[in-house]
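**Q** My structure file structure.cif, mmCIF, C-alpha atoms, is below:
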```
data_my_file
#
loop_
_atom_site.group_PDB
_atom_site.id
_atom_site.type_symbol
_atom_site.label_atom_id
_atom_site.label_comp_id
_atom_site.auth_asym_id
_atom_site.auth_seq_id
_atom_site.Cartn_x
_atom_site.Cartn_y
_atom_site.Cartn_z
ATOM 1 C CA MET A 134 -157.911 247.895 201.096
ATOM 2 C CA SER A 135 -158.455 244.768 199.024
ATOM 3 C CA ILE A 136 -159.610 244.972 195.389
ATOM 4 C CA THR A 137 -160.784 241.597 194.090
ATOM 5 C CA PRO A 138 -161.750 241.098 190.424
ATOM 6 C CA SER A 139 -164.625 238.900 189.326
ATOM 7 C CA ALA A 140 -164.095 235.154 189.154
ATOM 8 C CA ASP A 141 -165.042 234.718 185.483
ATOM 9 C CA SER A 142 -161.892 236.107 183.872
ATOM 10 C CA VAL A 143 -158.128 235.842 184.073
ATOM 11 C CA HIS A 144 -156.732 238.896 185.818
ATOM 12 C CA LEU A 145 -153.301 240.283 184.996
ATOM 13 C CA VAL A 146 -151.544 242.861 187.162
ATOM 14 C CA ILE A 147 -148.637 244.845 185.697
ATOM 15 C CA ALA A 148 -146.335 246.553 188.192
ATOM 16 C CA GLY A 149 -144.954 249.546 186.320
ATOM 17 C CA ALA A 150 -146.292 251.778 183.566
ATOM 18 C CA GLY A 151 -143.265 252.617 181.429
ATOM 19 C CA PRO A 152 -142.509 251.728 177.782
ATOM 20 C CA ALA A 153 -142.252 247.962 178.408
ATOM 21 C CA ALA A 154 -145.572 247.854 180.289
ATOM 22 C CA GLN A 155 -147.288 249.956 177.624
ATOM 23 C CA ALA A 156 -145.966 247.751 174.830
ATOM 24 C CA LEU A 157 -147.267 244.660 176.635
ATOM 25 C CA ILE A 158 -150.733 246.196 177.087
ATOM 26 C CA ARG A 159 -150.896 247.085 173.399
ATOM 27 C CA ARG A 160 -149.982 243.524 172.431
ATOM 28 C CA LEU A 161 -152.518 241.934 174.764
ATOM 29 C CA ALA A 162 -155.266 244.360 173.753
ATOM 30 C CA GLY A 163 -154.605 243.936 170.033
ATOM 31 C CA VAL A 164 -153.441 247.539 169.603
ATOM 32 C CA SER A 165 -150.201 247.629 167.629
ATOM 33 C CA THR A 166 -149.622 251.391 167.791
ATOM 34 C CA PRO A 167 -150.836 254.316 169.928
ATOM 35 C CA SER A 168 -154.112 255.901 168.740
ATOM 36 C CA GLN A 169 -155.165 252.667 166.994
ATOM 37 C CA GLN A 170 -158.492 251.142 167.905
ATOM 38 C CA PRO A 171 -158.271 247.777 169.701
ATOM 39 C CA GLY A 172 -158.498 244.773 167.446
ATOM 40 C CA THR A 173 -158.985 241.098 168.137
ATOM 41 C CA ALA A 174 -157.022 240.251 171.262
ATOM 42 C CA ALA A 175 -155.898 236.732 172.067
ATOM 43 C CA PHE A 176 -155.772 237.567 175.777
ATOM 44 C CA HIS A 177 -159.225 237.278 177.331
ATOM 45 C CA GLY A 178 -159.084 238.900 180.726
ATOM 46 C CA THR A 179 -158.613 242.127 182.614
ATOM 47 C CA ILE A 180 -155.449 244.124 183.168
ATOM 48 C CA THR A 181 -154.621 246.342 186.153
ATOM 49 C CA VAL A 182 -151.616 248.626 185.794
ATOM 50 C CA LEU A 183 -149.964 249.957 188.959
ATOM 51 C CA SER A 184 -148.177 253.232 188.235
ATOM 52 C CA ASN A 185 -145.954 255.106 190.668
ATOM 53 C CA ARG A 186 -146.802 258.437 189.015
ATOM 54 C CA ASP A 187 -149.843 260.671 189.341
ATOM 55 C CA ASP A 188 -149.351 261.970 185.815
ATOM 56 C CA CYS A 189 -148.710 260.006 182.650
ATOM 57 C CA SER A 190 -147.994 260.238 178.955
ATOM 58 C CA ASP A 191 -150.680 260.554 176.294
ATOM 59 C CA ALA A 192 -149.813 257.022 175.139
ATOM 60 C CA LEU A 193 -150.650 255.577 178.563
ATOM 61 C CA LEU A 194 -153.852 257.632 178.784
ATOM 62 C CA GLU A 195 -154.984 256.116 175.492
ATOM 63 C CA LEU A 196 -154.424 252.641 176.905
ATOM 64 C CA ALA A 197 -156.214 253.543 180.145
ATOM 65 C CA VAL A 198 -159.519 254.021 178.290
ATOM 66 C CA LEU A 199 -159.508 250.483 176.899
ATOM 67 C CA PRO A 200 -162.384 248.508 178.466
ATOM 68 C CA GLN A 201 -160.211 245.698 179.816
ATOM 69 C CA VAL A 202 -157.513 248.010 181.244
ATOM 70 C CA SER A 203 -157.516 249.794 184.605
ATOM 71 C CA VAL A 204 -154.605 252.135 185.356
ATOM 72 C CA ARG A 205 -154.105 252.999 189.030
ATOM 73 C CA PHE A 206 -152.127 256.231 189.122
ATOM 74 C CA GLY A 207 -149.986 256.967 192.172
ATOM 75 C CA GLN A 208 -150.209 253.332 193.292
ATOM 76 C CA ALA A 209 -146.683 251.955 193.154
ATOM 77 C CA ALA A 210 -146.437 248.241 193.899
ATOM 78 C CA SER A 211 -144.418 247.669 197.080
ATOM 79 C CA PHE A 212 -144.985 244.065 198.214
ATOM 80 C CA ILE A 213 -145.894 240.736 196.623
ATOM 81 C CA ASP A 214 -147.461 237.842 198.492
ATOM 82 C CA ALA A 215 -146.684 235.087 196.000
ATOM 83 C CA GLN A 216 -148.574 232.422 197.948
ATOM 84 C CA ALA A 217 -151.794 234.452 198.146
ATOM 85 C CA ARG A 218 -151.145 235.974 194.709
ATOM 86 C CA THR A 219 -151.695 239.557 195.800
ATOM 87 C CA VAL A 220 -149.789 242.816 195.272
ATOM 88 C CA THR A 221 -149.884 245.580 197.879
ATOM 89 C CA THR A 222 -149.165 249.195 196.913
ATOM 90 C CA THR A 223 -147.442 251.953 198.861
ATOM 91 C CA GLU A 224 -150.896 253.366 199.613
ATOM 92 C CA GLY A 225 -152.033 250.103 201.221
ATOM 93 C CA MET A 226 -154.278 248.860 198.395
ATOM 94 C CA GLU A 227 -154.170 245.116 197.704
ATOM 95 C CA PHE A 228 -154.705 243.672 194.231
ATOM 96 C CA PRO A 229 -155.174 239.913 193.644
ATOM 97 C CA TYR A 230 -153.756 238.511 190.417
ATOM 98 C CA ASP A 231 -153.782 235.370 188.326
ATOM 99 C CA GLN A 232 -150.620 236.474 186.530
ATOM 100 C CA LEU A 233 -148.240 239.271 187.523
ATOM 101 C CA VAL A 234 -145.746 241.072 185.282
ATOM 102 C CA ILE A 235 -143.021 243.182 186.866
ATOM 103 C CA ALA A 236 -141.982 246.063 184.596
ATOM 104 C CA THR A 237 -140.518 248.516 187.080
ATOM 105 C CA GLY A 238 -137.484 249.445 184.975
ATOM 106 C CA SER A 239 -134.141 250.660 186.287
ATOM 107 C CA ALA A 240 -132.696 253.655 188.114
ATOM 108 C CA PRO A 241 -129.487 255.679 187.589
ATOM 109 C CA MET A 242 -126.544 254.664 189.762
ATOM 110 C CA PHE A 243 -125.642 258.303 190.424
ATOM 111 C CA PRO A 244 -127.539 261.585 190.847
ATOM 112 C CA PRO A 245 -128.345 263.288 187.513
ATOM 113 C CA VAL A 246 -125.630 265.414 185.939
ATOM 114 C CA GLN A 247 -126.566 269.088 186.021
ATOM 115 C CA GLY A 248 -128.256 269.972 182.733
ATOM 116 C CA ALA A 249 -128.493 266.330 181.632
ATOM 117 C CA ALA A 250 -131.977 266.890 180.215
ATOM 118 C CA ARG A 251 -130.435 269.157 177.569
ATOM 119 C CA GLY A 252 -128.552 266.265 176.025
ATOM 120 C CA LEU A 253 -129.392 262.808 174.737
ATOM 121 C CA SER A 254 -129.349 259.671 176.857
ATOM 122 C CA TYR A 255 -128.893 255.976 176.226
ATOM 123 C CA SER A 256 -130.102 253.503 178.837
ATOM 124 C CA THR A 257 -131.938 250.852 176.783
ATOM 125 C CA ILE A 258 -132.013 249.716 173.187
ATOM 126 C CA ASP A 259 -135.250 251.708 172.737
ATOM 127 C CA ASP A 260 -133.203 254.937 172.953
ATOM 128 C CA ALA A 261 -131.439 254.152 169.671
ATOM 129 C CA GLU A 262 -134.399 255.456 167.636
ATOM 130 C CA GLN A 263 -134.494 258.813 169.420
ATOM 131 C CA ILE A 264 -130.751 259.249 169.031
ATOM 132 C CA GLY A 265 -130.967 258.326 165.360
ATOM 133 C CA THR A 266 -133.627 260.975 164.745
ATOM 134 C CA ALA A 267 -131.542 263.633 166.502
ATOM 135 C CA VAL A 268 -128.436 262.674 164.527
ATOM 136 C CA ASN A 269 -130.324 262.943 161.230
ATOM 137 C CA ASP A 270 -131.521 266.448 162.109
ATOM 138 C CA ILE A 271 -128.065 267.584 163.212
ATOM 139 C CA THR A 272 -126.364 266.103 160.127
ATOM 140 C CA ARG A 273 -128.836 267.829 157.832
ATOM 141 C CA VAL A 274 -128.184 271.230 159.432
ATOM 142 C CA LEU A 275 -124.398 270.833 159.648
ATOM 143 C CA GLY A 276 -123.960 269.345 156.198
ATOM 144 C CA ARG A 277 -121.187 267.145 157.529
ATOM 145 C CA ARG A 278 -120.489 264.192 159.813
ATOM 146 C CA PRO A 279 -121.267 265.213 163.425
ATOM 147 C CA LEU A 280 -118.851 264.942 166.326
ATOM 148 C CA GLY A 281 -120.437 263.311 169.377
ATOM 149 C CA ILE A 282 -119.349 263.443 173.025
ATOM 150 C CA LEU A 283 -120.195 260.134 174.696
ATOM 151 C CA VAL A 284 -120.101 259.809 178.485
ATOM 152 C CA GLY A 285 -120.176 256.423 180.196
ATOM 153 C CA THR A 286 -118.712 253.007 180.812
ATOM 154 C CA GLY A 287 -120.022 249.474 180.599
ATOM 155 C CA PRO A 288 -122.439 247.755 178.192
ATOM 156 C CA ALA A 289 -124.774 250.745 177.778
ATOM 157 C CA ALA A 290 -121.940 253.038 176.676
ATOM 158 C CA GLY A 291 -120.615 250.354 174.343
ATOM 159 C CA GLN A 292 -123.991 250.023 172.676
ATOM 160 C CA ALA A 293 -124.395 253.802 172.479
ATOM 161 C CA GLU A 294 -121.046 254.098 170.708
ATOM 162 C CA ALA A 295 -122.096 251.457 168.186
ATOM 163 C CA VAL A 296 -125.375 253.307 167.579
ATOM 164 C CA LEU A 297 -123.559 256.607 167.002
ATOM 165 C CA ARG A 298 -121.018 255.073 164.620
ATOM 166 C CA SER A 299 -123.732 253.296 162.631
ATOM 167 C CA ARG A 300 -125.415 256.664 162.094
ATOM 168 C CA GLY A 301 -122.302 258.428 160.914
ATOM 169 C CA VAL A 302 -121.283 260.163 164.129
ATOM 170 C CA ARG A 303 -117.616 260.432 165.138
ATOM 171 C CA PRO A 304 -117.853 259.586 168.851
ATOM 172 C CA VAL A 305 -115.330 260.822 171.404
ATOM 173 C CA ARG A 306 -115.812 258.798 174.567
ATOM 174 C CA THR A 307 -114.960 259.810 178.107
ATOM 175 C CA THR A 308 -115.295 257.718 181.237
ATOM 176 C CA LEU A 309 -114.809 260.748 183.496
ATOM 177 C CA ARG A 310 -118.150 261.959 184.829
ATOM 178 C CA PRO A 311 -118.833 265.626 184.007
ATOM 179 C CA ALA A 312 -120.119 268.213 186.458
ATOM 180 C CA SER A 313 -122.599 269.642 183.968
ATOM 181 C CA VAL A 314 -123.879 269.506 180.417
ATOM 182 C CA MET A 315 -123.650 272.711 178.382
ATOM 183 C CA PRO A 316 -126.711 273.785 176.390
ATOM 184 C CA SER A 317 -126.495 274.603 172.709
ATOM 185 C CA VAL A 318 -126.990 278.128 171.377
ATOM 186 C CA ALA A 319 -130.430 279.520 172.244
ATOM 187 C CA GLY A 320 -132.957 278.738 169.519
ATOM 188 C CA SER A 321 -130.755 276.062 167.953
ATOM 189 C CA VAL A 322 -132.233 272.739 166.842
ATOM 190 C CA PHE A 323 -129.277 271.016 168.466
ATOM 191 C CA PRO A 324 -129.389 269.331 171.865
ATOM 192 C CA ALA A 325 -126.498 269.979 174.274
ATOM 193 C CA THR A 326 -123.120 270.282 172.557
ATOM 194 C CA GLY A 327 -120.581 270.074 175.387
ATOM 195 C CA ILE A 328 -119.717 269.031 178.920
ATOM 196 C CA VAL A 329 -117.790 270.653 181.767
ATOM 197 C CA PHE A 330 -115.746 268.741 184.361
ATOM 198 C CA GLU A 331 -115.197 269.537 188.031
ATOM 199 C CA ASP A 332 -111.784 271.104 187.333
ATOM 200 C CA GLY A 333 -113.282 273.523 184.818
ATOM 201 C CA SER A 334 -112.014 271.739 181.714
ATOM 202 C CA SER A 335 -114.503 270.948 178.976
ATOM 203 C CA MET A 336 -115.211 268.894 175.871
ATOM 204 C CA ASN A 337 -117.202 270.237 172.938
ATOM 205 C CA GLY A 338 -118.862 268.635 169.947
ATOM 206 C CA ASP A 339 -122.112 268.648 167.993
ATOM 207 C CA LEU A 340 -124.109 266.520 170.438
ATOM 208 C CA VAL A 341 -123.765 264.917 173.865
ATOM 209 C CA VAL A 342 -124.938 261.419 174.805
ATOM 210 C CA LEU A 343 -124.978 260.254 178.425
ATOM 211 C CA ALA A 344 -124.838 256.461 178.744
ATOM 212 C CA GLU A 345 -124.200 255.965 182.434
ATOM 213 C CA GLU A 346 -124.818 252.653 184.137
ATOM 214 C CA ARG A 347 -128.172 251.918 185.736
ATOM 215 C CA LEU A 348 -129.432 249.505 188.388
ATOM 216 C CA PRO A 349 -132.553 247.382 187.820
ATOM 217 C CA ARG A 350 -135.303 248.068 190.338
ATOM 218 C CA ASN A 351 -135.657 244.694 192.049
ATOM 219 C CA GLU A 352 -136.964 245.643 195.513
ATOM 220 C CA LEU A 353 -140.434 244.417 194.556
ATOM 221 C CA ALA A 354 -139.032 241.108 193.317
ATOM 222 C CA GLU A 355 -137.109 240.618 196.550
ATOM 223 C CA SER A 356 -140.339 240.929 198.546
ATOM 224 C CA ALA A 357 -141.615 237.826 196.729
ATOM 225 C CA GLY A 358 -138.356 235.889 197.037
ATOM 226 C CA LEU A 359 -137.608 235.973 193.319
ATOM 227 C CA GLN A 360 -134.135 235.001 192.178
ATOM 228 C CA THR A 361 -131.988 237.907 191.052
ATOM 229 C CA ALA A 362 -128.937 238.031 188.806
ATOM 230 C CA PRO A 363 -125.436 239.255 189.752
ATOM 231 C CA ASP A 364 -126.212 242.602 188.105
ATOM 232 C CA GLY A 365 -129.180 242.987 190.453
ATOM 233 C CA GLY A 366 -131.889 242.362 187.853
ATOM 234 C CA ILE A 367 -134.730 239.884 188.169
ATOM 235 C CA ARG A 368 -133.552 236.589 186.687
ATOM 236 C CA VAL A 369 -135.816 235.446 183.835
ATOM 237 C CA GLY A 370 -135.806 232.607 181.347
ATOM 238 C CA ARG A 371 -136.340 232.791 177.607
ATOM 239 C CA ASP A 372 -140.096 232.973 178.139
ATOM 240 C CA PHE A 373 -139.747 235.840 180.709
ATOM 241 C CA THR A 374 -140.861 233.645 183.602
ATOM 242 C CA THR A 375 -139.215 234.256 186.967
ATOM 243 C CA SER A 376 -138.340 231.703 189.634
ATOM 244 C CA VAL A 377 -141.840 231.999 191.142
ATOM 245 C CA PRO A 378 -144.848 230.588 189.213
ATOM 246 C CA GLY A 379 -147.291 233.173 187.950
ATOM 247 C CA ILE A 380 -144.777 236.038 188.024
ATOM 248 C CA TRP A 381 -143.065 237.379 184.913
ATOM 249 C CA ALA A 382 -140.593 240.215 184.341
ATOM 250 C CA ILE A 383 -139.864 242.327 181.256
ATOM 251 C CA GLY A 384 -138.019 245.517 180.426
ATOM 252 C CA ASP A 385 -135.068 246.977 182.244
ATOM 253 C CA ALA A 386 -135.962 245.385 185.598
ATOM 254 C CA ALA A 387 -135.292 241.922 184.173
ATOM 255 C CA SER A 388 -131.975 240.187 183.571
ATOM 256 C CA TRP A 389 -131.434 237.571 180.891
ATOM 257 C CA ASP A 390 -128.181 235.691 180.457
ATOM 258 C CA GLY A 391 -126.376 238.109 182.766
ATOM 259 C CA MET A 392 -127.449 241.335 181.081
ATOM 260 C CA ARG A 393 -130.234 243.863 181.615
ATOM 261 C CA LEU A 394 -133.051 242.847 179.303
ATOM 262 C CA GLY A 395 -133.484 246.453 178.142
ATOM 263 C CA LEU A 396 -130.039 246.264 176.531
ATOM 264 C CA VAL A 397 -130.873 243.045 174.699
ATOM 265 C CA LEU A 398 -134.469 243.419 173.482
ATOM 266 C CA SER A 399 -136.610 246.404 172.576
ATOM 267 C CA SER A 400 -139.801 246.933 174.571
ATOM 268 C CA ASP A 401 -141.902 245.885 171.584
ATOM 269 C CA ALA A 402 -139.942 242.679 171.023
ATOM 270 C CA ALA A 403 -140.030 241.692 174.689
ATOM 271 C CA ALA A 404 -143.741 242.514 174.902
ATOM 272 C CA ALA A 405 -144.525 240.403 171.845
ATOM 273 C CA HIS A 406 -142.800 237.320 173.267
ATOM 274 C CA CYS A 407 -144.208 237.767 176.768
ATOM 275 C CA ALA A 408 -147.722 238.431 175.463
ATOM 276 C CA ALA A 409 -147.656 235.200 173.466
ATOM 277 C CA ARG A 410 -146.761 233.224 176.581
ATOM 278 C CA LEU A 411 -149.367 234.996 178.707
ATOM 279 C CA GLU A 412 -152.029 234.331 176.089
ATOM 280 C CA GLU A 413 -151.083 230.664 175.962
ATOM 281 C CA ASP A 414 -151.174 230.444 179.747
ATOM 282 C CA ALA A 415 -154.559 232.175 179.945
ATOM 283 C CA ARG A 416 -156.008 229.916 177.247
ATOM 284 C CA PHE A 417 -155.259 226.696 179.088
ATOM 285 C CA ARG A 418 -155.566 227.891 182.651
ATOM 286 C CA ALA A 419 -158.900 228.421 184.410
ATOM 287 C CA PRO A 420 -159.111 231.451 186.719
ATOM 288 C CA ARG A 421 -159.260 230.850 190.438
ATOM 289 C CA ALA A 422 -162.782 230.075 191.523
ATOM 290 C CA GLY A 423 -164.792 231.820 194.172
ATOM 291 C CA ARG A 424 -163.814 235.390 193.406
ATOM 292 C CA THR A 425 -166.366 238.141 193.783
ATOM 293 C CA ALA A 426 -165.934 241.879 193.520
ATOM 294 C CA VAL A 427 -164.952 243.133 196.968
ATOM 295 C CA ALA A 428 -163.617 246.437 198.211
ATOM 296 C CA ALA A 429 -162.978 246.601 201.916
ATOM 297 C CA ALA A 430 -160.981 249.045 203.960
#
```
Using structure tokens, write down the structure from this file.
**A**
Amino acid sequence: MSITPSADSVHLVIAGAGPAAQALIRRLAGVSTPSQQPGTAAFHGTITVLSNRDDCSDALLELAVLPQVSVRFGQAASFIDAQARTVTTTEGMEFPYDQLVIATGSAPMFPPVQGAARGLSYSTIDDAEQIGTAVNDITRVLGRRPLGILVGTGPAAGQAEAVLRSRGVRPVRTTLRPASVMPSVAGSVFPATGIVFEDGSSMNGDLVVLAEERLPRNELAESAGLQTAPDGGIRVGRDFTTSVPGIWAIGDAASWDGMRLGLVLSSDAAAAHCAARLEEDARFRAPRAGRTAVAAA
């Protein structure tokens, strides 16, 4: 099925609906925070968001009601025809675009550790705020400097350790992957407080942070022939442009200067820079002529 927007506006398609995509929509729509009414937007066009989930957060639902935004739930982007400027979803729907932003994020390298949801996680710089809030709560209850168990290797774990130290936590780091994460005492305000290894040994503290390595999702980029970085991310320049005109990448799917973009810039910061470039491009670029609204099976 082909969905073609009208010819009188610039049409942006965003592949992905996570934090980076949501931050970009807010910037383009002139909404700086969730629940805020849209203000004066510099981007004059329509936005289609392709989400791989049938459900979504309240923040995304609030963006979905904006007049210039259309969120397609359960329609994960699977193929890009860069020459025709169309995106095809896993359900066979085809969406033309003037500009395309890939914000498909990253995926864990390994299956989840049993009980991982009970602890804290660090995968992008955006997670620092959540960890900071948890540390403040734990410190207030304990009345002392918390002891943190940090699991992971690589840049993400290094950043997580810096975040913990800056917030007064004494981190104990292990590169050995645990078999499970132990919950805190029932009814406690604390997240998980310990881990158990395959041999039955354990480590205990006041909080647990998992900072395992992740792989950028670049299958969609490969379908369009985009250049990728050694770490597997989509290679972008300072202005978030990829190697193919009209296609941009932000968030944890992108790679800048050899590192996952999510470890370098927050979603809000990346969205602000990318939005400025998209607005500039839309201002000086006329939409493709001859488009009419068509829906054909």
**Q** Between A:Arg410, A:Arg251, A:Gln201, A:Ala215, which residue has the minimum interatomic distance to Ser376 in chain A, considering all atoms listed in the file?
**A**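 That would be A:Ala215, the residue with the smallest distance to Ser376 in chain A.
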**Q** With distances taken over only C-alpha atoms, which residue among A:Asp401, A:Asp364, A:Glu413, A:Asp259 lies nearest Trp389 in chain A?
**A**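 Answer, going by the shortest atom-to-atom distance: A:Asp364.
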**Q** Find the smallest box with edges along x, y and z containing every listed atom of range 249-264 of chain A, then add 6 Å on each side and report centre and edge lengths in Å to one decimal, as AutoDock Vina command-line options.
**A**
```
--center_x -131.9 --center_y 259.4 --center_z 174.6 --size_x 18.8 --size_y 31.4 --size_z 26.0
```
**Q** State, in Å with one decimal place, the distance from CA of Arg273 in chain A to CA of Phe323 in chain A.
**A**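 CA of Phe323 in chain A lies at a distance of 11.1 Å from CA of Arg273 in chain A.
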**Q** The PyMOL selection byres ((chain A and resi 254) around 9) on the file shown: which residues, as number ranges by chain?
**A** A: 249-250, 252-253, 255-256, 260, 264, 293, 341-345
**Q** Between CA of Ala387 in chain A and CA of Ala261 in chain A, measure the distance and give it in Å to one decimal.
**A**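 That distance, rounded to one decimal, is 19.4 Å.
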**Q** Return the single residue from A:Thr375, A:Gln247, A:Thr179, A:Ser142 that is closest to Ala325 in chain A, with distances computed using all atoms listed in the file.
**A** A:Gln247
**Q** Taking into account only C-alpha atoms, which residue in the set A:Leu340, A:Ile367, A:Leu161, A:Ala197 is nearest to Asp270 in chain A?
**A** A:Leu340
**Q** Nearest residue to Gly301 in chain A out of A:Arg278, A:His177, A:Arg218, A:Arg393, using only C-alpha atoms?
**A** A:Arg278
**Q** Between CA of Thr326 in chain A and CA of Ser313 in chain A, what distance in Å does the model show, to one decimal?
**A**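 Computing it gives 11.4 Å between the two atoms.
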**Q** Please expand the PyMOL selection byres ((chain A and resi 148-154) around 6) into the concrete residues it hits in this file, giving the result as a PyMOL selection string.
**A** chain A and resi 147+155-157+183-184+210+235-237+384+400
**Q** With distances taken over only C-alpha atoms, which residue among A:Ala382, A:Phe176, A:Thr361, A:Thr219 lies nearest Gly163 in chain A?
**A**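 For Gly163 in chain A, the nearest of the candidates is A:Phe176.
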**Q** Around (-142.1, 248.5, 197.8) in the file's own coordinates, what residues are found within 7 Å if you use all atoms listed in the file, given back as a VMD selection string?
**A** chain A and resid 210 to 212 223 352 to 353
**Q** May I have the residues within 10 Å of Tyr230 in chain A as a list in words, using only C-alpha atoms and disregarding those fewer than 4 positions away in the same chain?
**A** Thr137, Pro138, Val143, His144, Leu145, Val146, Ile147, Thr179, Ile180, Thr181, Ala215, Ala217, Arg218, Thr219, Val220, Val234, Gly379, Ile380, Pro420 and Arg421 of chain A
**Q** Apply the PyMOL selection byres ((chain A and resi 241) around 12) to the file shown and report the selected residues as a list in words.
**A**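 Answer for the PyMOL selection byres ((chain A and resi 241) around 12): Gly238, Ser239, Ala240, Met242, Phe243, Pro244, Pro245, Val246, Ser254, Tyr255, Ser256, Gly285, Ala289, Leu343, Ala344, Glu345, Glu346, Arg347, Leu348, Pro349, Arg350 and Asp385 of chain A.
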**Q** Would you kindly return, as a list in words, each protein, DNA or RNA residue with an atom no farther than 12 Å from any atom of Arg371 in chain A, considering all atoms listed in the file and excluding same-chain residues fewer than 3 positions away?
**A**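 Counting only the stated atoms, we get Arg368, Thr374, Thr375, Trp381, Ala382, Ile383, Ala387, Ser388, Trp389, Asp390, Leu394, Val397, Leu398, Ala403, His406, Cys407 and Arg410 of chain A.
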